[in-house]
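Colleague: There's a structure below that I have some questions on.
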Amino acid sequence: MLRIEHLTKTYGDKKAVDDLSLHIRAGEIYGFIGHNGAGKTTTIKSCCGILQFEEGEIYVDGVSIREDPIGCKRKIAYLPDNPDLYEFLSGVQYLNFVADVYGVSKEDRERRIKEYADLFGLTEDLAQPISAYSHGMKQKLAIISALIHSPKLLIMDEPFVGLDPKAAHELKQIMRRLCDSGSAIFFSTHVLEVAEKLCDKVAIIKGGHLVVSGTMEEVKGQDSLEDVFLELEDDNA
């Protein structure tokens, strides 16, 4: 569903991502782990067509993000680490706006808005302006907006930040159901316990370089993901 081949992205003289290759298949939840500044967000934004890159190629469902960025974006939902929402709109106006962008039918959007708003306890707040929302409520609204067109590929940058335990639990359940239906998820997180329990595969990046990748069992063996991550960080310091 998402194939990254020899991705290289530079800022001036610094290589933020250096010759990175990963393959996220349909049905997989793929975790992307690394310290701040490791290159996770740069990689994610490149996969979404937000950042141009100097070398390599990225394919979404077999289509090049360079050659057909609009076609790729129709299949993607992107949840940034700090979503910028149109705060002059109400919650339901914003969700309908996103549904319009993706051409979601009236019947489908109403059903999905009700389902997800009920799950995240946001139904009674949808008529309120987003400017009145707390950080956690904004995060929940952004998650619903990412799910409203049933994306084939869901890309998220630190999606659990700002969520209360119940909302985090609901998101994990939704992620698994989405992949069980044939979609794929690629997400970064610092919450290693969540990644270890949730992910089918994981990649660890440091200084723009891929350190290790594979199934959760291959990467962590008999240790915890946290132990492996800290050991790799020390070995490559």
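Ligands are numbered from 1 in the order shown, chains are lettered A, B, ... in the order of the structure tokens, and residues start at 1 in each chain.
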Which residues are near Lys197 of chain A? Cut-off 10 Å, only C-alpha atoms, ignore same chain within fewer than 6 positions. Put them as a PyMOL selection string.
Modeller: chain A and resi 172+216+225
Colleague: Just to be explicit: take each residue in the selection above, keep N, CA and C atoms, and write the result as an mmCIF file, in the first residue's frame.
Modeller:
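Wrote it out as again.cif, contents follow:
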data_model
loop_
_atom_site.group_PDB
_atom_site.id
_atom_site.type_symbol
_atom_site.label_atom_id
_atom_site.label_comp_id
_atom_site.auth_asym_id
_atom_site.auth_seq_id
_atom_site.Cartn_x
_atom_site.Cartn_y
_atom_site.Cartn_z
ATOM 1 N N LYS A 172 -7.252 2.848 18.981
ATOM 2 C CA LYS A 172 -6.549 1.584 18.727
ATOM 3 C C LYS A 172 -7.501 0.546 18.135
ATOM 4 N N MET A 216 7.234 -7.209 14.637
ATOM 5 C CA MET A 216 7.510 -6.873 16.032
ATOM 6 C C MET A 216 8.367 -7.962 16.679
ATOM 7 N N LEU A 225 10.133 -3.633 23.383
ATOM 8 C CA LEU A 225 10.495 -2.673 22.342
ATOM 9 C C LEU A 225 11.277 -1.512 22.941
#
Colleague: Would you return as a VMD selection string the members of segment 8-208 of chain A that DSSP assigns to strand (DSSP E) on this structure's backbone?
Modeller: chain A and resid 8 to 11 14 to 24 29 to 33 55 to 60 63 to 64 76 to 79 153 to 157 184 to 188 201 to 206
Colleague: Ranking A:Glu124, A:Gln93, A:Asp157, A:Ala99 by minimum distance to Val191 of chain A and counting only C-alpha atoms, which one comes first?
Modeller: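 The closest residue to Val191 of chain A is A:Asp157.
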Colleague: List as a list in words the protein and nucleic acid residues near Met175 of chain A, meaning an atom at most 9 Å away when only C-alpha atoms are counted, but skip any in the same chain fewer than 2 places from it.
Modeller: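 Non-adjacent residues within range: Ile29, Leu154, Glu170, Leu171, Lys172, Gln173, Arg177, Leu178, Cys179, Asp180, Ala184, Ile185 and Leu198 of chain A.
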Colleague: Do you know which residues are at most 9 Å from Met137 of chain A counting only C-alpha atoms, after dropping those on the same chain fewer than 4 positions away, and could you put them as a PyMOL selection string?
Modeller: chain A and resi 120+122+125+130+133+141-142+162-163
Colleague: Go through A:Ala167, A:Leu147, A:Leu232, A:Leu153 and flag the residue nearest Phe186 of chain A, using only C-alpha atoms for the distances.
Modeller: A:Leu153
Colleague: Taking only C-alpha atoms into account, which of A:Pro83, A:Gly39, A:Gly91, A:Gly71 comes nearest Ala117 of chain A?
Modeller: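 Using only C-alpha atoms, Ala117 of chain A sits closest to A:Gly91.
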Colleague: Give me the residues within 9 Å of Tyr116 of chain A as a list in words, counting only C-alpha atoms and dropping any in the same chain fewer than 5 places off.
Modeller: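 Counting only C-alpha atoms, the residues come to Arg111, Gly121, Leu122, Thr123, Ile143, Ile144, Leu147 and Ile148 of chain A.
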Colleague: Distance atom CA of Thr43 of chain A-atom CA of Gly27 of chain A, one decimal place?
Modeller: 20.6 Å
Colleague: So what do you get for atom CA of Arg3 of chain A versus atom CA of Glu226 of chain A, distance-wise?
Modeller: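 Computed distance, atom CA of Arg3 of chain A to atom CA of Glu226 of chain A, equals 26.1 Å.
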Colleague: Taking the chain letters and numbering used in this document, name the residues of segment 25-228 of chain A that DSSP puts in alpha helix (DSSP H), as a ChimeraX atom specification.
Modeller: /A:40-47,69-75,91-101,106-119,135-147,165-180,192-198,216-220,225-228
Colleague: So, counting only C-alpha atoms, which residue among A:Tyr86, A:Phe229, A:Tyr102, A:Phe32 is closest to Ile155 of chain A?
Modeller: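 Answer, going by the shortest atom-to-atom distance: A:Phe32.
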